[in-house]
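As provided, upload31.cif (mmCIF, C-alpha atoms) reads as follows.
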data_protein
#
loop_
_atom_site.label_atom_id
_atom_site.label_comp_id
_atom_site.auth_asym_id
_atom_site.auth_seq_id
_atom_site.Cartn_x
_atom_site.Cartn_y
_atom_site.Cartn_z
CA MET A 1300 -9.54 -10.71 19.32
CA ARG A 1301 -8.87 -14.47 19.67
CA ASP A 1302 -7.21 -16.54 17.02
CA ALA A 1303 -9.19 -19.43 15.62
CA ALA A 1304 -9.00 -22.41 17.94
CA ALA A 1305 -6.52 -25.06 16.92
CA CYS A 1306 -6.93 -28.82 17.21
CA SER A 1307 -5.80 -30.16 20.55
CA ARG A 1308 -3.70 -33.32 20.23
CA GLN A 1309 -2.45 -35.77 22.83
CA ASP A 1310 0.27 -38.30 22.24
CA ASP A 1311 -0.68 -41.87 23.08
CA PRO A 1312 2.04 -44.44 22.31
CA SER A 1313 -0.41 -47.28 22.86
CA ALA A 1314 -2.71 -46.25 19.99
CA GLY A 1315 -1.45 -48.08 16.95
CA GLY A 1316 2.15 -47.66 18.12
CA ARG A 1317 2.25 -44.08 16.70
CA PRO A 1318 2.65 -40.89 18.75
CA GLY A 1319 -0.42 -38.75 18.58
CA ALA A 1320 -2.69 -41.40 17.03
CA VAL A 1321 -6.39 -40.87 17.75
CA SER A 1322 -9.49 -42.93 17.33
CA ARG A 1323 -12.30 -40.99 18.95
CA GLU A 1324 -13.11 -37.36 18.24
CA HIS A 1325 -15.81 -34.86 19.07
CA VAL A 1326 -16.51 -32.28 16.32
CA VAL A 1327 -17.79 -28.84 17.25
CA GLY A 1328 -18.87 -26.25 14.66
CA GLY A 1329 -16.68 -23.15 14.48
CA VAL A 1330 -15.55 -20.32 12.23
CA ALA A 1331 -12.07 -20.52 10.74
CA ALA A 1332 -9.66 -17.60 10.68
CA GLY A 1333 -9.83 -17.54 6.89
CA GLY A 1334 -13.53 -16.76 7.02
CA GLY A 1335 -15.01 -20.13 6.01
CA ARG A 1336 -16.51 -22.92 8.02
CA ALA A 1337 -14.07 -25.04 9.98
CA GLU A 1338 -14.28 -28.16 12.11
CA ILE A 1339 -12.59 -27.78 15.46
CA LYS A 1340 -11.80 -31.23 16.73
CA VAL A 1341 -11.17 -32.15 20.33
CA ARG A 1342 -9.48 -35.52 20.10
CA ARG A 1343 -9.31 -38.12 22.80
CA PRO A 1344 -6.70 -40.87 22.87
CA SER A 1345 -7.78 -44.49 22.41
CA PRO A 1346 -7.68 -46.70 25.47
CA PRO A 1347 -4.86 -49.26 25.60
CA PRO A 1348 -5.84 -52.79 24.51
CA ASN A 1349 -7.40 -55.09 27.12
CA ALA A 1350 -7.93 -52.11 29.40
CA SER A 1351 -10.38 -52.63 32.23
CA PHE A 1352 -12.79 -49.90 33.24
CA PRO A 1353 -14.30 -49.38 36.67
CA PRO A 1354 -18.04 -50.01 36.85
CA PRO A 1355 -20.24 -46.89 36.63
CA PRO A 1356 -21.38 -45.48 39.95
CA SER A 1357 -24.89 -46.36 40.98
CA LEU A 1358 -27.41 -43.58 40.54
CA GLY A 1359 -29.47 -42.87 43.56
CA GLY A 1360 -32.99 -41.48 43.38
CA LYS A 1361 -31.81 -37.88 43.77
CA SER A 1362 -29.10 -38.20 41.13
CA LEU A 1363 -31.51 -39.82 38.69
CA ALA A 1364 -34.03 -37.02 39.23
CA MET A 1365 -31.39 -34.36 38.57
CA LYS A 1366 -30.34 -36.17 35.41
CA ARG A 1367 -33.95 -36.09 34.16
CA VAL A 1368 -34.23 -32.37 34.95
CA TRP A 1369 -31.10 -31.57 32.93
CA ALA A 1370 -32.32 -33.71 30.05
CA LEU A 1371 -35.68 -31.88 30.06
CA LEU A 1372 -33.96 -28.46 30.20
CA SER A 1373 -31.73 -29.37 27.26
CA ALA A 1374 -34.81 -30.43 25.28
CA VAL A 1375 -36.48 -27.07 25.99
CA PHE A 1376 -33.40 -25.15 24.78
CA LEU A 1377 -33.24 -27.32 21.68
CA TYR A 1378 -36.92 -26.66 20.90
CA LEU A 1379 -36.56 -22.88 21.40
CA SER A 1380 -33.48 -22.64 19.20
CA GLU A 1381 -35.10 -24.75 16.44
CA GLY A 1382 -31.99 -26.86 16.03
CA VAL A 1383 -28.66 -27.71 17.49
CA GLY A 1384 -26.84 -24.58 16.25
CA GLU A 1385 -23.21 -23.76 16.98
CA LEU A 1386 -21.86 -24.47 20.45
CA PHE A 1387 -19.29 -21.71 20.04
CA SER A 1388 -17.72 -19.59 17.35
CA VAL A 1389 -14.25 -18.11 16.98
CA PRO A 1390 -14.19 -14.54 15.67
CA GLU A 1391 -12.34 -13.93 12.43
CA LYS A 1392 -8.96 -12.33 12.81
CA LYS A 1393 -8.43 -9.60 10.23
CA ASN A 1394 -6.29 -6.59 9.60
CA TYR A 1395 -8.12 -3.99 11.68
CA ILE A 1396 -7.34 -0.29 12.03
CA TYR A 1397 -8.87 1.15 15.19
CA GLY A 1398 -10.09 4.69 15.70
CA ASN A 1399 -9.12 7.29 18.27
CA VAL A 1400 -11.61 9.58 20.01
CA GLU A 1401 -8.95 12.26 20.51
CA HIS A 1402 -7.75 12.78 16.93
CA PRO A 1403 -8.38 11.54 13.36
CA VAL A 1404 -6.54 8.45 12.17
CA LYS A 1405 -4.84 8.74 8.76
CA ILE A 1406 -5.07 5.76 6.40
CA TYR A 1407 -3.24 5.46 3.05
CA VAL A 1408 -4.72 3.04 0.55
CA LYS A 1409 -2.95 2.08 -2.66
CA MET A 1410 -4.99 2.86 -5.74
CA HIS A 1411 -7.16 -0.02 -7.03
CA HIS A 1412 -6.47 -2.05 -3.87
CA ASN A 1413 -8.63 -2.72 -0.80
CA SER A 1414 -8.31 -0.81 2.43
CA PRO A 1415 -7.84 -2.61 5.75
CA PHE A 1416 -10.95 -2.96 7.89
CA LEU A 1417 -11.70 0.27 9.77
CA ALA A 1418 -13.11 -0.61 13.19
CA CYS A 1419 -15.67 1.75 14.70
CA MET A 1420 -14.01 1.66 18.13
CA ASP A 1421 -10.65 2.23 19.74
CA LYS A 1422 -8.13 -0.47 20.65
CA GLU A 1423 -8.90 -0.32 24.35
CA LEU A 1424 -12.64 -0.64 23.84
CA SER A 1425 -12.16 -3.61 21.51
CA GLN A 1426 -10.75 -5.62 24.42
CA THR A 1427 -13.79 -5.14 26.65
CA GLU A 1428 -17.36 -6.40 26.63
CA ILE A 1429 -19.75 -4.00 24.85
CA ILE A 1430 -23.51 -4.08 25.33
CA ASP A 1431 -25.84 -3.32 22.41
CA PRO A 1432 -23.20 -1.71 20.13
CA ILE A 1433 -24.54 0.20 17.11
CA SER A 1434 -22.27 1.74 14.45
CA PHE A 1435 -23.27 4.52 12.07
CA TRP A 1436 -20.92 5.55 9.23
CA MET A 1437 -20.87 8.84 7.30
CA GLY A 1438 -18.94 9.18 4.03
CA PRO A 1439 -16.80 12.06 2.67
CA ASN A 1440 -19.90 13.62 1.08
CA GLY A 1441 -21.54 13.93 4.50
CA LYS A 1442 -24.16 11.28 3.71
CA PRO A 1443 -24.73 7.90 5.42
CA LEU A 1444 -22.68 5.10 3.88
CA LYS A 1445 -24.51 2.36 2.03
CA GLU A 1446 -23.25 -0.93 0.64
CA ASN A 1447 -22.09 -0.72 -2.98
CA SER A 1448 -19.30 -1.96 -5.24
CA HIS A 1449 -16.72 0.02 -3.23
CA ILE A 1450 -18.22 -0.01 0.27
CA ASN A 1451 -18.24 -3.16 2.40
CA LEU A 1452 -19.91 -2.83 5.81
CA THR A 1453 -19.81 -5.84 8.13
CA SER A 1454 -22.47 -6.79 10.67
CA GLU A 1455 -20.01 -5.73 13.38
CA GLY A 1456 -19.87 -2.20 11.96
CA LYS A 1457 -16.44 -2.46 10.35
CA LEU A 1458 -15.76 -0.74 7.03
CA MET A 1459 -13.63 -1.85 4.08
CA ILE A 1460 -13.25 0.29 0.95
CA THR A 1461 -12.62 -1.95 -2.05
CA SER A 1462 -10.89 -1.21 -5.37
CA PHE A 1463 -9.92 2.23 -4.09
CA GLN A 1464 -10.37 5.24 -6.37
CA ALA A 1465 -9.12 8.82 -5.92
CA SER A 1466 -12.70 10.07 -5.50
CA LEU A 1467 -13.15 7.81 -2.46
CA SER A 1468 -10.55 9.79 -0.49
CA GLY A 1469 -11.75 11.93 2.39
CA SER A 1470 -13.15 11.85 5.90
CA TYR A 1471 -15.05 8.75 7.10
CA ILE A 1472 -16.80 9.38 10.42
CA CYS A 1473 -18.28 6.63 12.56
CA THR A 1474 -20.49 7.08 15.60
CA LEU A 1475 -20.54 4.14 18.02
CA SER A 1476 -23.31 3.91 20.60
CA TYR A 1477 -23.36 1.29 23.36
CA LYS A 1478 -24.76 0.80 26.86
CA ILE A 1479 -23.29 0.56 30.32
CA ILE A 1480 -25.52 -1.25 32.84
CA SER A 1481 -24.99 -0.76 36.56
CA GLU A 1482 -24.59 -4.09 38.34
CA GLU A 1483 -26.24 -2.73 41.48
CA THR A 1484 -29.23 -0.85 40.09
CA GLN A 1485 -29.37 -2.31 36.54
CA LYS A 1486 -29.68 1.28 35.33
CA GLU A 1487 -28.72 1.73 31.67
CA GLN A 1488 -26.51 4.56 30.41
CA GLU A 1489 -26.07 5.32 26.69
CA ILE A 1490 -22.51 6.12 25.59
CA TYR A 1491 -21.55 7.74 22.25
CA ASN A 1492 -18.05 7.73 20.76
CA ILE A 1493 -17.10 9.43 17.48
CA TYR A 1494 -14.17 8.18 15.38
CA THR A 1495 -12.77 9.97 12.33
CA PHE A 1496 -10.65 8.25 9.68
CA MET A 1497 -8.90 10.37 7.04
CA VAL A 1498 -8.46 8.03 4.07
CA PHE A 1499 -6.15 8.96 1.18
CA GLY A 1500 -5.43 7.15 -2.06
CA TYR A 1501 -1.80 6.93 -3.12
CA GLN A 1502 0.47 5.58 -5.86
CA GLU A 1503 4.13 4.66 -5.94
CA PRO A 1504 6.15 7.39 -7.67
CA ASP A 1505 7.38 6.72 -11.19
CA PHE A 1506 11.16 6.35 -11.26
CA ALA A 1507 13.57 7.85 -13.75
CA TYR A 1508 17.34 8.22 -13.48
CA GLN A 1509 19.50 11.21 -14.34
CA MET A 1510 22.95 9.96 -15.35
CA THR A 1511 26.19 11.79 -16.04
CA VAL A 1512 29.50 10.44 -17.29
CA ARG A 1513 32.78 11.89 -18.57
CA PHE A 1514 35.11 10.89 -21.41
CA THR A 1515 38.50 12.30 -22.26
CA THR A 1516 39.10 13.68 -25.75
CA ASP A 1517 42.16 15.08 -27.47
CA SER A 1518 40.27 18.12 -28.74
CA CYS A 1519 36.98 19.91 -28.21
CA ASN A 1520 36.95 20.76 -31.93
CA GLY A 1521 35.96 18.51 -34.81
CA LYS A 1522 33.13 16.14 -35.64
CA LYS A 1523 34.48 13.06 -33.89
CA ASN A 1524 33.08 14.10 -30.50
CA SER A 1525 29.58 14.39 -31.96
CA GLN A 1526 29.96 11.07 -33.78
CA PHE A 1527 31.16 9.36 -30.62
CA PHE A 1528 28.27 10.81 -28.60
CA LYS A 1529 25.65 9.53 -31.09
CA LEU A 1530 27.26 6.08 -31.15
CA LEU A 1531 27.32 5.93 -27.33
CA ILE A 1532 23.61 6.80 -27.00
CA ARG A 1533 22.77 4.19 -29.65
CA ILE A 1534 24.69 1.53 -27.69
CA LEU A 1535 22.94 2.46 -24.44
CA ASP A 1536 19.55 2.25 -26.17
CA GLU A 1537 20.39 -1.27 -27.37
CA ILE A 1538 21.37 -2.34 -23.84
CA ILE A 1539 17.95 -1.51 -22.36
CA ILE A 1540 15.58 -1.95 -25.32
CA ASP A 1541 14.18 -5.28 -24.05
CA LEU A 1542 13.14 -3.55 -20.80
CA THR A 1543 10.93 -1.12 -22.75
CA CYS A 1544 12.98 1.76 -21.35
CA TYR A 1545 14.41 4.61 -23.37
CA ILE A 1546 17.08 7.34 -23.25
CA GLU A 1547 15.71 10.86 -22.96
CA GLU A 1548 17.28 14.32 -23.22
CA PRO A 1549 20.82 13.21 -24.10
CA SER A 1550 23.36 16.02 -24.29
CA TYR A 1551 27.10 16.67 -24.10
CA LYS A 1552 29.52 19.55 -23.71
CA CYS A 1553 33.27 19.71 -24.01
CA HIS A 1554 35.19 21.48 -21.22
CA PHE A 1555 38.79 22.29 -20.36
CA LEU A 1556 39.93 20.97 -16.99
CA GLU A 1557 43.07 21.89 -15.11
CA ILE A 1558 44.06 18.80 -13.15
CA PRO A 1559 46.86 18.95 -10.54
CA LYS A 1560 50.09 17.39 -11.86
CA HIS A 1561 48.43 16.71 -15.22
CA GLY A 1562 47.93 20.21 -16.62
CA LEU A 1563 45.06 21.04 -18.95
CA LYS A 1564 42.81 18.29 -20.27
CA GLU A 1565 39.74 18.29 -22.46
CA GLU A 1566 36.77 16.16 -21.46
CA LEU A 1567 33.25 15.43 -22.70
CA PHE A 1568 30.57 15.87 -20.05
CA ILE A 1569 27.68 13.62 -21.12
CA ALA A 1570 24.21 13.66 -19.51
CA PHE A 1571 21.00 11.75 -20.19
CA GLN A 1572 17.92 10.33 -18.49
CA VAL A 1573 16.63 6.77 -18.45
CA ARG A 1574 12.84 6.45 -18.30
CA PRO A 1575 10.39 3.53 -18.44
CA PHE A 1576 8.15 3.48 -21.51
CA SER A 1577 7.10 6.43 -23.55
CA PRO A 1578 4.14 8.47 -22.19
CA GLU A 1579 1.79 6.76 -24.67
CA ARG A 1580 2.82 3.24 -23.63
CA LYS A 1581 2.67 4.24 -19.96
CA ALA A 1582 -1.00 5.17 -20.38
CA ALA A 1583 -1.69 1.84 -22.07
CA CYS A 1584 0.10 -0.05 -19.30
CA SER A 1585 -2.00 1.68 -16.62
CA LYS A 1586 -5.17 0.35 -18.25
CA LEU A 1587 -3.85 -3.23 -18.31
CA SER A 1588 -2.39 -3.54 -14.82
CA VAL A 1589 -3.26 -1.97 -11.46
CA ASP A 1590 0.41 -2.39 -10.46
CA CYS A 1591 1.79 -0.76 -13.60
CA GLU A 1592 4.12 1.58 -11.70
CA GLU A 1593 5.72 -1.38 -9.91
CA ILE A 1594 6.43 -3.08 -13.24
CA THR A 1595 7.85 0.05 -14.85
CA ASN A 1596 9.92 0.94 -11.77
CA SER A 1597 11.40 -2.55 -11.71
CA ASN A 1598 12.30 -2.27 -15.40
CA VAL A 1599 13.94 1.14 -15.13
CA HIS A 1600 15.92 -0.03 -12.09
CA GLN A 1601 17.27 -2.95 -14.13
CA ALA A 1602 18.13 -0.51 -16.92
CA ARG A 1603 20.06 1.63 -14.45
CA ASN A 1604 22.07 -1.39 -13.28
CA ARG A 1605 22.90 -2.46 -16.83
CA ILE A 1606 24.15 0.98 -17.82
CA GLU A 1607 26.21 1.27 -14.66
CA GLU A 1608 27.78 -2.13 -15.36
CA PHE A 1609 28.56 -1.05 -18.93
CA PHE A 1610 30.55 1.99 -17.78
CA LEU A 1611 32.31 0.15 -14.95
CA LYS A 1612 33.55 -2.42 -17.47
CA GLN A 1613 35.15 0.34 -19.52
CA THR A 1614 37.95 0.64 -16.99
CA ASN A 1615 38.78 -3.09 -17.24
CA ILE A 1616 38.60 -2.98 -21.03
CA LEU A 1617 41.08 -0.08 -21.15
CA LYS A 1618 43.47 -1.85 -18.78
CA HIS A 1619 43.38 -5.37 -20.23
CA GLU A 1620 42.16 -5.30 -23.85
CA PHE A 1621 43.88 -2.22 -25.30
CA ASN A 1622 47.60 -1.94 -25.99
CA TYR A 1623 47.18 1.81 -26.12
CA ILE A 1624 44.72 4.33 -24.67
CA PRO A 1625 42.25 5.70 -27.25
CA ASN A 1626 41.89 9.44 -27.68
CA ILE A 1627 38.30 9.22 -26.39
CA HIS A 1628 37.97 6.98 -23.34
CA TYR A 1629 35.97 6.68 -20.12
CA VAL A 1630 37.13 8.64 -17.07
CA GLU A 1631 37.28 6.21 -14.17
CA HIS A 1632 34.73 6.80 -11.34
CA SER A 1633 32.99 9.54 -13.32
CA PHE A 1634 29.63 7.73 -13.67
CA LYS A 1635 26.98 9.36 -11.40
CA VAL A 1636 23.30 8.54 -10.92
CA ILE A 1637 20.44 10.50 -9.32
CA ARG A 1638 16.91 9.11 -9.05
CA ILE A 1639 14.10 11.41 -10.20
CA ASP A 1640 10.57 10.78 -8.92
CA SER A 1641 7.43 11.88 -10.70
CA CYS A 1642 3.74 11.57 -9.84
CA GLN A 1643 0.77 11.02 -12.10
CA PRO A 1644 -1.58 14.00 -12.68
CA GLY A 1645 -3.83 14.49 -9.65
CA PHE A 1646 -1.17 13.21 -7.22
CA GLY A 1647 1.78 14.77 -5.41
CA LYS A 1648 4.17 14.51 -2.47
CA ASN A 1649 3.88 16.39 0.81
CA ASP A 1650 6.22 15.22 3.55
CA ILE A 1651 4.64 17.62 6.06
CA LEU A 1652 0.95 16.84 5.57
CA HIS A 1653 1.60 13.16 4.76
CA SER A 1654 4.68 12.43 6.86
CA ASP A 1655 3.54 8.80 7.32
CA CYS A 1656 3.69 8.33 3.55
CA ALA A 1657 6.36 10.89 2.62
CA SER A 1658 7.72 8.91 -0.33
CA CYS A 1659 4.23 8.26 -1.75
CA CYS A 1660 2.39 10.14 -4.47
CA VAL A 1661 -0.75 10.98 -2.47
CA VAL A 1662 -3.97 12.20 -4.06
CA CYS A 1663 -4.14 16.01 -4.16
CA ASP A 1664 -6.39 17.51 -1.46
CA PRO A 1665 -9.31 19.85 -2.20
CA ARG A 1666 -8.12 23.35 -3.13
CA THR A 1667 -5.07 21.82 -4.83
CA TYR A 1668 -4.44 20.13 -8.18
CA SER A 1669 -1.65 18.66 -10.31
CA PRO A 1670 -1.93 18.94 -14.11
CA ASN A 1671 1.31 17.07 -14.94
CA THR A 1672 3.90 14.64 -13.59
CA ASP A 1673 5.36 17.13 -11.10
CA VAL A 1674 5.61 15.95 -7.48
CA THR A 1675 3.85 19.02 -6.05
CA CYS A 1676 0.13 19.75 -5.89
CA GLN A 1677 -0.52 23.40 -6.77
CA ALA A 1678 -3.02 25.70 -5.02
CA CYS A 1679 -6.43 26.27 -6.61
CA LEU A 1680 -9.25 27.67 -4.47
CA THR A 1681 -12.01 26.55 -6.86
CA VAL A 1682 -11.17 22.83 -6.53
CA HIS A 1683 -13.44 20.96 -4.09
CA ILE A 1684 -12.54 17.35 -4.89
CA TYR A 1685 -9.63 14.99 -4.28
CA GLY A 1686 -7.31 14.18 -7.16
CA ALA A 1687 -8.03 17.24 -9.32
CA LYS A 1688 -6.00 17.53 -12.54
CA THR A 1689 -7.25 20.94 -13.66
CA CYS A 1690 -8.02 24.30 -12.07
CA HIS A 1691 -10.98 26.30 -13.35
CA LYS A 1692 -10.55 29.91 -12.38
CA PRO A 1693 -13.78 31.80 -11.62
CA LYS A 1694 -15.02 34.02 -14.39
CA PRO A 1695 -15.01 37.74 -13.60
CA LYS A 1696 -18.39 39.33 -13.11
CA THR A 1697 -19.35 41.50 -16.09
CA GLY A 1698 -22.56 43.11 -14.84
CA LYS A 1699 -22.82 46.91 -15.09
CA LEU A 1700 -23.01 48.87 -11.90
CA LYS A 1701 -26.23 50.69 -11.50
CA THR A 1702 -25.82 54.33 -10.82
CA ARG A 1703 -28.01 56.11 -8.38
CA ALA A 1704 -29.58 58.10 -11.19
CA ALA A 1705 -30.38 54.99 -13.18
CA ALA A 1706 -31.97 53.44 -10.14
CA LEU A 1707 -34.22 56.43 -9.80
#

Output the file's structure as structure tokens, nothing else.
Amino acid sequence: MRDAAACSRQDDPSAGGRPGAVSREHVVGGVAAGGGRAEIKVRRPSPPPNASFPPPPSLGGKSLAMKRVWALLSAVFLYLSEGVGELFSVPEKKNYIYGNVEHPVKIYVKMHHNSPFLACMDKELSQTEIIDPISFWMGPNGKPLKENSHINLTSEGKLMITSFQASLSGSYICTLSYKIISEETQKEQEIYNIYTFMVFGYQEPDFAYQMTVRFTTDSCNGKKNSQFFKLLIRILDEIIIDLTCYIEEPSYKCHFLEIPKHGLKEELFIAFQVRPFSPERKAACSKLSVDCEEITNSNVHQARNRIEEFFLKQTNILKHEFNYIPNIHYVEHSFKVIRIDSCQPGFGKNDILHSDCASCCVVCDPRTYSPNTDVTCQACLTVHIYGAKTCHKPKPKTGKLKTRAAAL
């Protein structure tokens, strides 16, 4: 494909004393790369002042006759075309995905976004001249594709799927027919190529963070450990409340540790998760924004950084702001973080089947489903759609067997 033609410019110091100044231009209709109409200007420099031009050559009888013939031919073309029309056009340059006659091409489209253009040809064929090309598209349901609110078919046979939904996932098959004409015999040969595109909807996984931290204590007995734990969780909640994140599943246990050269010590092992939103607010967010998971993931990542900074500062506070070490204090370098991914119901991860999008939550294939936020689609033989959230098991047959005697 060619890029849209750019304006050609010639520097002429004599034109107004400015480099590149122009005074004459010839405008030719074209198509801009952005898709709208564009004027492609071929500019000619102005002649220097007081320039002298050679006299035009004299036209002999033969030259004058040829000039009249060309003028008549141009008039005939103008009459047949019913107007001037475009002298040339520059094809639009878009994000194309080409097919492959040898194997299906996998495409991953983010939910509620538009797919790239799927070209009904391979890359090699797109760089050659094609005679009488005709494209025919079949959808995942095995029926011919027709234009609608989600299907955009161009005059060149390219397909774009707009505002992608889970139900639009599946196999899109295009048959391209074109002709090859022999230069010697002008004999026509019809060629058929079939291209298959496997299109899958996907979402970014929802992030959560599992965090663990340790604090020393002078005793595993007594209420002060429990009081300290509740106060700590309350402080952490306050740190991230403006990010609409929350602390989930907080817990602690007290253990005895034998540390070399320090003997026995008692420490609190504290664990909790940081998640974006509550499940109810997450559902509301999904209705308001198509990029809800990006917003929530950004928020929970900020929450993670704030909590990490809070614990790292504990070491400096102990060293510089306390004249003594409290009985319960942070154990340096004990803060640990693990990211936990989850997928929305109907989506899951599969780094074998979807190795090109291994970190994505891809829509569950037919014969699989996902009823919760797990990252794995479960097997279900009765499911025949993409993105299933439930599995309906077949009901057992209850009919009575007819005995031979009853049949008689």

For atom CA of A:Thr1453 and atom CA of A:Ser1434, quote the distance in Å rounded to one decimal.
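Separation between atom CA of A:Thr1453 and atom CA of A:Ser1434: 10.2 Å.
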
Contacts of A:Val1630 at 8 Å or less, counting all atoms listed in the file, minus same-chain residues fewer than 5 places along, as a PDB file with C-alpha atoms, in the frame of the given file?
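Writing the result to out-v7.pdb gives the following:
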ATOM      1  CA  VAL A1512      29.500  10.440 -17.290  1.00  0.00           C
ATOM      2  CA  ARG A1513      32.780  11.890 -18.570  1.00  0.00           C
ATOM      3  CA  PHE A1514      35.110  10.890 -21.410  1.00  0.00           C
ATOM      4  CA  THR A1515      38.500  12.300 -22.260  1.00  0.00           C
TER       5      THR A1515
END

Given the file shown, enumerate the residues that the PyMOL selection byres ((chain A and resi 1403) around 6) captures and present them as a PyMOL selection string.
chain A and resi 1402+1404+1495-1496

Using the chain letters and numbers from the file, which residues does the PyMOL selection byres ((chain A and resi 1455) around 12) grab, as a ChimeraX atom specification?
/A:1390-1391,1416-1420,1425,1429,1431-1435,1451-1454,1456-1459,1475

Distance criterion (only C-alpha atoms): nearest to A:Val1573 out of A:Ser1633, A:Thr1511, A:Ser1481, A:Ser1669:
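Closest to A:Val1573, using only C-alpha atoms: A:Thr1511.
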
Given the file shown, determine the residues that the PyMOL selection byres ((chain A and resi 1604) around 12) selects; report them as a list in words.
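Output from the PyMOL selection byres ((chain A and resi 1604) around 12), applied to this file: Tyr1508, Met1510, Leu1535, Ile1538, Ile1539, Leu1542, Val1573, Ser1597, Asn1598, Val1599, His1600, Gln1601, Ala1602, Arg1603, Arg1605, Ile1606, Glu1607, Glu1608, Phe1609, Phe1610, Leu1611, Phe1634, Lys1635 and Val1636 of chain A.
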
Restricting it to C-alpha atoms, dump the selection as a CSV table (one decimal), in the coordinates of the input.
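File part11.csv, as written:
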chain,number,residue,atom,x,y,z
A,1508,TYR,CA,17.3,8.2,-13.5
A,1510,MET,CA,23.0,10.0,-15.4
A,1535,LEU,CA,22.9,2.5,-24.4
A,1538,ILE,CA,21.4,-2.3,-23.8
A,1539,ILE,CA,18.0,-1.5,-22.4
A,1542,LEU,CA,13.1,-3.6,-20.8
A,1573,VAL,CA,16.6,6.8,-18.4
A,1597,SER,CA,11.4,-2.6,-11.7
A,1598,ASN,CA,12.3,-2.3,-15.4
A,1599,VAL,CA,13.9,1.1,-15.1
A,1600,HIS,CA,15.9,0.0,-12.1
A,1601,GLN,CA,17.3,-3.0,-14.1
A,1602,ALA,CA,18.1,-0.5,-16.9
A,1603,ARG,CA,20.1,1.6,-14.4
A,1605,ARG,CA,22.9,-2.5,-16.8
A,1606,ILE,CA,24.2,1.0,-17.8
A,1607,GLU,CA,26.2,1.3,-14.7
A,1608,GLU,CA,27.8,-2.1,-15.4
A,1609,PHE,CA,28.6,-1.0,-18.9
A,1610,PHE,CA,30.6,2.0,-17.8
A,1611,LEU,CA,32.3,0.2,-15.0
A,1634,PHE,CA,29.6,7.7,-13.7
A,1635,LYS,CA,27.0,9.4,-11.4
A,1636,VAL,CA,23.3,8.5,-10.9

Which residue is closest to A:Gly1398? Choose from A:Val1498, A:Ile1493, A:Val1662, A:Ile1460 and count all atoms listed in the file.
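So, comparing all the options, the nearest one is A:Ile1493.
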
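Reported to one decimal place, the separation of atom CA of A:Cys1659 from atom CA of A:Gln1677 is 16.6 Å.
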
Quick one, how far is atom CA of A:Gln1643 from atom CA of A:Ile1450?
25.2 Å

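With distances restricted to only C-alpha atoms, A:Lys1688 is the closest residue to A:Pro1665 from A:Lys1486, A:Lys1688, A:Lys1422, A:Arg1638.
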
Got a sec: who's within 6 Å of A:Ser1462, counting all atoms listed in the file, leaving out chain neighbours fewer than 5 positions off, as a ChimeraX atom specification?
/A:1411-1413

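Distances here use only C-alpha atoms; by that measure, the residue among A:Thr1681, A:Thr1595, A:Gln1509, A:Ser1518 closest to A:Ile1637 is A:Gln1509.
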
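Shell of A:Phe1555 at 10 Å, with all atoms listed in the file counted and residues fewer than 4 places along the chain excluded, is Ser1518, Cys1519, Leu1563, Lys1564, Glu1565, Glu1566 and Leu1567 of chain A.
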
Point out the residue among A:Glu1423, A:Asn1626, A:Thr1543, A:Gln1572 with the least atom-to-atom distance to A:Lys1523, counting all atoms listed in the file.
A:Asn1626
